[in-house]
Amino acid sequence: MKITPQCVVALTWTLKDTLGEELDVLEEPIEFLVGGNDLLAGLEEALQGHVEGDTVELQLEPQHAFGDYDDRLLFLEPRHLFPDNLEEGMGFEGLPEGCNAAAPRDRLYFVSDIYPDHVVMDGNHPLAGIALRIHLKVHAVREAQVSEIGRGTLGTGFFRMQVDNGDAPSDPDQAAGKPTLH
């Protein structure tokens with residue numbers, strides 16, 4: 001089966017920057033919905049018409065990958081609002097109550113720096129501002145199920161920075177406005 005919109009594709013990849021430094025490797029195939037919200041538009045376009053076993057090489061500039069880095073998505077927040085076991089690189093769905101009201105609530109944030117009294121939270125994707133060289137391998141292609149198409153995603157969040165707030169949180173911490181660790 002050829003890759004077309006509204007199909008499911010199992011991929012592995014190697015992501016590098018333009019200097020050849022390896023940024024991410026996906027060694028075990030993961031399924032993504034083509035035509036939904038799982039993949040970047042440039043990846044979907046490059047995959048069209050390919051079949052199981054094909055490899056695809058492409059380069060995406062930041063505006064076609066994870067966007068340009070936006071320093072307006074950096075927030076200096078009080079340290080006491082975060083868990084004691086906080087570490088650089090930790091991710092949160094939204095920011096806890098008491099943080100900057102101007103910070104978008106429907107984003108993923110990563111801890112970029114920890115100071116005794118403050119924490120720097122970054123709402124940019126970790127690969128924002130970076131041009132990417134991508135080597136993809138197609139491991140399988142199948143028709144998407146109606147339920148998968150209806151959701152618009154298989155739930156793979158690598159390429160998204162916005163949190164789906166369509167449903168009420170089932171986690172009591174989320175319901176109380178506390179951030180969720182990732």
# chains A, B, ... in the order shown; residues from 1 in each chain; ligands from 1
$ residues_around --residues "Pro62 of chain A" --least-positions-apart "2" --cutoff "7 Å" --atoms "only C-alpha atoms" --output "PyMOL selection string"
chain A and resi 60+64-68+128-131
$ write_last_selection --atoms "C-alpha atoms" --output "CSV table (one decimal), in the first residue's frame"
chain,number,residue,atom,x,y,z
A,60,LEU,CA,13.4,21.0,6.9
A,64,HIS,CA,8.8,24.1,8.3
A,65,ALA,CA,9.9,22.0,11.3
A,66,PHE,CA,9.4,23.2,14.9
A,67,GLY,CA,9.3,26.9,14.2
A,68,ASP,CA,11.7,29.7,15.0
A,128,ALA,CA,12.7,25.1,17.7
A,129,GLY,CA,15.1,27.3,15.6
A,130,ILE,CA,17.0,24.3,14.2
A,131,ALA,CA,17.1,23.2,10.6
$ residues_around --residues "Asn100 of chain A" --least-positions-apart "6" --cutoff "10 Å" --atoms "only C-alpha atoms" --output "list in words"
Phe75, Leu76, Glu77 and Pro78 of chain A
$ atom_distance --atom1 "atom CA of Gly91 of chain A" --atom2 "atom CA of Gly42 of chain A"
25.5 Å
$ residues_around --residues "Val51 of chain A" --least-positions-apart "4" --cutoff "7 Å" --atoms "only C-alpha atoms" --output "mmCIF file with N, CA, C and O atoms, in the first residue's frame"
data_model
loop_
_atom_site.group_PDB
_atom_site.id
_atom_site.type_symbol
_atom_site.label_atom_id
_atom_site.label_comp_id
_atom_site.auth_asym_id
_atom_site.auth_seq_id
_atom_site.Cartn_x
_atom_site.Cartn_y
_atom_site.Cartn_z
ATOM 1 N N MET A 1 0.838 -1.181 0.000
ATOM 2 C CA MET A 1 0.000 0.000 0.000
ATOM 3 C C MET A 1 0.883 1.244 0.000
ATOM 4 O O MET A 1 1.856 1.331 0.747
ATOM 5 N N LYS A 2 0.515 2.220 -0.818
ATOM 6 C CA LYS A 2 1.230 3.490 -0.858
ATOM 7 C C LYS A 2 0.728 4.421 0.235
ATOM 8 O O LYS A 2 -0.437 4.363 0.626
ATOM 9 N N ILE A 3 1.613 5.292 0.703
ATOM 10 C CA ILE A 3 1.235 6.284 1.704
ATOM 11 C C ILE A 3 0.386 7.352 1.033
ATOM 12 O O ILE A 3 0.777 7.937 0.020
ATOM 13 N N VAL A 138 10.308 3.729 6.268
ATOM 14 C CA VAL A 138 8.916 3.291 6.340
ATOM 15 C C VAL A 138 8.916 1.791 6.628
ATOM 16 O O VAL A 138 9.410 0.997 5.835
ATOM 17 N N VAL A 141 2.678 0.328 6.280
ATOM 18 C CA VAL A 141 1.621 1.270 5.887
ATOM 19 C C VAL A 141 0.316 0.495 5.933
ATOM 20 O O VAL A 141 0.243 -0.632 5.454
#
$ select_by_dssp --residues "segment 8-176 of chain A" --states "alpha helix (DSSP H)" --output "count of residues only"
17
$ closest_residue --among "A:Leu136, A:Phe110, A:Ala101, A:Gly89" --to "Glu44 of chain A" --atoms "only C-alpha atoms"
A:Leu136
$ closest_residue --among "A:Ser147, A:Leu127, A:Asp54, A:Leu73" --to "Arg107 of chain A" --atoms "only C-alpha atoms"
A:Leu73
$ atom_distance --atom1 "atom CA of Leu47 of chain A" --atom2 "atom CA of Ala144 of chain A"
15.6 Å
$ residues_around --residues "Glu27 of chain A" --least-positions-apart "4" --cutoff "12 Å" --atoms "only C-alpha atoms" --output "list in words"
Ala10, Leu11, Thr12, Trp13, Thr14, Leu15, His135, Leu136, Lys137, Val138 and His139 of chain A
$ residues_around --residues "Ser112 of chain A" --least-positions-apart "2" --cutoff "10 Å" --atoms "only C-alpha atoms" --output "VMD selection string"
chain A and resid 74 to 75 87 to 91 109 to 110 114 119 to 123 126
$ residues_around --residues "Thr153 of chain A" --least-positions-apart "4" --cutoff "7 Å" --atoms "only C-alpha atoms" --output "list in words"
Leu33, Gly36, Asn37, Asp38 and Glu148 of chain A
$ write_last_selection --atoms "C-alpha atoms" --output "CSV table (one decimal), in the first residue's frame"
chain,number,residue,atom,x,y,z
A,33,LEU,CA,-1.6,9.1,11.3
A,36,GLY,CA,-4.0,14.1,11.1
A,37,ASN,CA,-2.0,16.0,13.7
A,38,ASP,CA,0.8,13.5,14.3
A,148,GLU,CA,-8.3,7.0,14.3
$ atom_distance --atom1 "atom CA of Asp117 of chain A" --atom2 "atom CA of Phe92 of chain A"
18.7 Å
$ select_by_dssp --residues "chain A" --states "strand (DSSP E or B)" --output "count of residues only"
66
$ residues_around --residues "Thr4 of chain A" --least-positions-apart "3" --cutoff "8 Å" --atoms "only C-alpha atoms" --output "PyMOL selection string"
chain A and resi 7+34+48-49
